[in-house]
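Engineer: This is the structure, below, for whatever I ask next.
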Amino acid sequence: MMSTSYRKMLQIFRSDITRRHLCNHFFFYTSRAHPQPRPISAVQFALTEALEGVEERKQKREKNWERRVKNSSVNSDGGPYRNQDEMVEVSLNLNVDPRKPGQNLRGSVLLPHGTGKKSSGIFAVFTSDSRVVEHLRESSVGGNVEIGGEELVDRLVDGELSVASIERAVASQDMIGYLSKKAGRLLGPRGLMPNTKVGTLVSSPEKLDNLLKELDTSLPYRTDKDGLIKLGIGKASLGHYKLMNNLDALLRELYENKPELYGKRKKKGKKSGSGKGGKFILSAYLSATQGGSVKIDPRTVDPNSPKFLAASLR
């Protein structure tokens with residue numbers, strides 16, 4: 001026979017409240033090994049959420065600065081507070097295996113509104129045409145452009161021009177042989193060697209003038225060993241409309257250079273997603289410099305989808 005205490009325990013266990021509590025505990029158990037699934041947002045909503053977070057952090061930093069100045073914990077010269085302009089970044093997990101031939105995506109995209117980031121490095125221009133060198137020196141914007149031929153390469157090799165100070169390097173076809181022979185080991189490991197895929201190597205010196213004008217708005221990209229691309233599409237101060245235009249240009253550029261056959265390496269017990277019909281973008285995330293990431297629905301970043309850059313998933 002069952003005891004009275006055991007019978008009461010059985011009645012409590014059979015009650016609806018306890019069963020509902022146990023079911024919720026079983027199906028929604030969360031831990032490091034069992035995290036809750038992240039919500040998926042449309043790309044426009046994800047960008048709006050990221051910009052709202054940027055504005056909240058901006059206001060919070062301003063209040064903290066005013067409180068510190070009021071409490072005399074910092075010295076202020078009376079000038080305006082220069083708040084941080086966070087960069088909006090997009091992370092794309094592409095269905096490519098860079099170890100396979102033709103699947104290592106590399107190039108540059110011309111952003112319609114630029115990134116809003118001011119370049120602090122030096123633009124090195126290598127050409128052997130003396131007339132083009134004189135023309136570029138007269139029309140070059142700012143003082144952060146170094147232009148020359150073999151003498152500029154020799155300055156780079158001798159250490160007069162620091163490799164660490166160079167942000168981008170462009171060259172004409174007539175200089176690429178001498179440049180790769182003398183300074184290839186200096187520029188290559190830093191990703192500064194001029195290349196036609198990245199758009200930093202032109203066929204004739206006359207095209208260098210237009211190339212210099214586009215350097216401020218061009219953004220180089222390259223997949224890492226896992227097939228990931230992480231790029232800053234612009235400062236948050238550009239606003240929602242301009243950032244969406246930059247993202248549109250980036251996504252269309254990636255799909256135009258998409259390899260015919262792609263797919264990550266085959267895992268045991270799973271089929272490979274390679275081929276023409278598989279997904280090219282497996283997952284996408286949008287984030288700001290100091291904010292968390294927002295997961296994006298891959299359909300809204302696929303130019304071939306009817307939901308491309310859509311604000312709603314319905």
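A note on labels: chains of the structure tokens are A, B, ... as shown, every chain counts residues from 1, and ligands are counted from 1 in their shown order.
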For Leu254 in chain A, please output as a tab-separated table (two decimals) with N, CA, C and O atoms, in the first residue's frame all residues within 12 Å (counting only C-alpha atoms; exclusion window: fewer than 5 positions along the same chain).
Structural biologist:
chain	number	residue	atom	x	y	z
A	92	LEU	N	29.90	37.74	-43.15
A	92	LEU	CA	29.25	36.79	-44.05
A	92	LEU	C	30.00	35.47	-44.02
A	92	LEU	O	31.23	35.44	-44.18
A	94	LEU	N	30.42	32.47	-46.12
A	94	LEU	CA	30.18	32.01	-47.49
A	94	LEU	C	30.38	30.51	-47.61
A	94	LEU	O	31.21	29.93	-46.93
A	96	VAL	N	32.04	28.61	-49.36
A	96	VAL	CA	33.21	28.38	-50.21
A	96	VAL	C	34.31	27.76	-49.37
A	96	VAL	O	34.38	27.95	-48.15
A	103	GLN	N	37.96	29.20	-55.48
A	103	GLN	CA	36.99	29.55	-54.45
A	103	GLN	C	37.52	30.56	-53.44
A	103	GLN	O	36.83	30.88	-52.48
A	104	ASN	N	38.74	31.03	-53.63
A	104	ASN	CA	39.29	32.05	-52.74
A	104	ASN	C	38.93	33.43	-53.30
A	104	ASN	O	39.61	33.97	-54.17
A	105	LEU	N	37.82	33.98	-52.82
A	105	LEU	CA	37.33	35.26	-53.35
A	105	LEU	C	38.23	36.39	-52.87
A	105	LEU	O	38.56	36.49	-51.68
A	106	ARG	N	38.60	37.25	-53.80
A	106	ARG	CA	39.43	38.41	-53.49
A	106	ARG	C	39.15	39.50	-54.51
A	106	ARG	O	39.03	39.23	-55.70
A	107	GLY	N	39.01	40.72	-54.04
A	107	GLY	CA	38.76	41.83	-54.94
A	107	GLY	C	38.51	43.10	-54.16
A	107	GLY	O	38.85	43.22	-52.98
A	108	SER	N	37.93	44.07	-54.83
A	108	SER	CA	37.59	45.34	-54.20
A	108	SER	C	36.25	45.81	-54.74
A	108	SER	O	35.92	45.57	-55.91
A	109	VAL	N	35.50	46.48	-53.91
A	109	VAL	CA	34.19	46.99	-54.29
A	109	VAL	C	34.19	48.50	-54.13
A	109	VAL	O	34.77	49.04	-53.18
A	110	LEU	N	33.55	49.18	-55.05
A	110	LEU	CA	33.46	50.63	-55.03
A	110	LEU	C	32.18	51.01	-54.31
A	110	LEU	O	31.08	50.84	-54.84
A	220	PRO	N	38.70	46.87	-50.20
A	220	PRO	CA	39.17	45.53	-50.55
A	220	PRO	C	38.55	44.46	-49.64
A	220	PRO	O	38.29	44.70	-48.47
A	221	TYR	N	38.34	43.29	-50.20
A	221	TYR	CA	37.78	42.18	-49.43
A	221	TYR	C	38.51	40.90	-49.82
A	221	TYR	O	39.06	40.78	-50.91
A	222	ARG	N	38.48	39.94	-48.89
A	222	ARG	CA	39.11	38.65	-49.14
A	222	ARG	C	38.58	37.65	-48.12
A	222	ARG	O	38.41	37.97	-46.94
A	223	THR	N	38.31	36.43	-48.56
A	223	THR	CA	37.85	35.39	-47.65
A	223	THR	C	39.02	34.85	-46.84
A	223	THR	O	40.13	34.74	-47.35
A	229	ILE	N	33.95	36.51	-44.53
A	229	ILE	CA	34.28	37.88	-44.93
A	229	ILE	C	33.68	38.82	-43.90
A	229	ILE	O	32.47	38.78	-43.64
A	247	LEU	N	25.91	48.44	-48.54
A	247	LEU	CA	25.71	47.00	-48.39
A	247	LEU	C	25.19	46.39	-49.68
A	247	LEU	O	25.60	45.28	-50.06
A	248	ASP	N	24.32	47.09	-50.36
A	248	ASP	CA	23.80	46.62	-51.65
A	248	ASP	C	24.93	46.44	-52.65
A	248	ASP	O	25.03	45.42	-53.36
A	249	ALA	N	25.84	47.44	-52.73
A	249	ALA	CA	26.96	47.36	-53.67
A	249	ALA	C	27.89	46.21	-53.32
A	249	ALA	O	28.39	45.50	-54.21
A	259	PRO	N	32.05	31.98	-57.63
A	259	PRO	CA	32.54	30.90	-58.50
A	259	PRO	C	31.40	30.01	-58.99
A	259	PRO	O	30.35	29.91	-58.36
A	280	PHE	N	24.84	30.28	-51.35
A	280	PHE	CA	26.15	30.91	-51.41
A	280	PHE	C	26.49	31.57	-50.07
A	280	PHE	O	27.62	31.50	-49.61
A	281	ILE	N	25.52	32.22	-49.44
A	281	ILE	CA	25.70	32.82	-48.11
A	281	ILE	C	24.99	31.93	-47.10
A	281	ILE	O	23.76	31.81	-47.11
A	301	VAL	N	19.89	39.04	-47.90
A	301	VAL	CA	21.20	39.47	-48.41
A	301	VAL	C	21.57	38.70	-49.67
A	301	VAL	O	22.74	38.69	-50.06
A	302	ASP	N	20.59	38.08	-50.30
A	302	ASP	CA	20.80	37.33	-51.54
A	302	ASP	C	20.19	38.12	-52.69
A	302	ASP	O	18.97	38.27	-52.76
A	303	PRO	N	21.00	38.68	-53.61
A	303	PRO	CA	20.44	39.47	-54.72
A	303	PRO	C	19.51	38.68	-55.63
A	303	PRO	O	18.70	39.28	-56.34
Engineer: Could you go through range 72-257 of chain A and tell me which residues DSSP, when run on the backbone, assigns to strand (DSSP E), listing them as a PyMOL selection string?
Structural biologist: chain A and resi 87-94+106-110+122-126+145-148+166-172+201-202+218-222+228-235
Engineer: Could you pull out the residues in range 76-264 of chain A that DSSP calls alpha helix (DSSP H) from the backbone, as a count of residues only?
Structural biologist: 55
Engineer: Which neighbours of range 237-239 of chain A fall inside 10 Å, counting only C-alpha atoms, when residues of the same chain fewer than 6 positions from it are skipped, and could you give them as a PyMOL selection string?
Structural biologist: chain A and resi 47-48+51+54-55+85-88+113-116
Engineer: May I have the selected residues written with C-alpha atoms, as a CSV table (one decimal), in the first residue's frame?
Structural biologist:
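Okay, this is what ended up in out_34.csv:
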chain,number,residue,atom,x,y,z
A,47,LEU,CA,20.6,47.8,-39.4
A,48,THR,CA,18.0,49.9,-37.6
A,51,LEU,CA,22.1,52.1,-35.3
A,54,VAL,CA,25.0,53.2,-31.4
A,55,GLU,CA,22.9,56.2,-30.5
A,85,ASP,CA,31.7,57.3,-34.5
A,86,GLU,CA,31.3,53.6,-34.5
A,87,MET,CA,31.8,51.5,-37.6
A,88,VAL,CA,29.0,49.3,-38.8
A,113,HIS,CA,29.2,56.7,-50.3
A,114,GLY,CA,32.5,55.4,-49.0
A,115,THR,CA,33.1,54.3,-45.4
A,116,GLY,CA,33.4,57.7,-43.9
Engineer: Of the candidates A:Glu160, A:Glu134, A:Glu89, A:Asp129, which shows the shortest atom-to-atom distance to Lys230 in chain A, using only C-alpha atoms?
Structural biologist: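 For Lys230 in chain A, the nearest of the given residues is A:Glu89.
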Engineer: Please indicate the distance in Å from CA of Asn304 in chain A to CA of Ala50 in chain A, rounded to one decimal place.
Structural biologist: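 Result for CA of Asn304 in chain A versus CA of Ala50 in chain A: 25.0 Å, one decimal.
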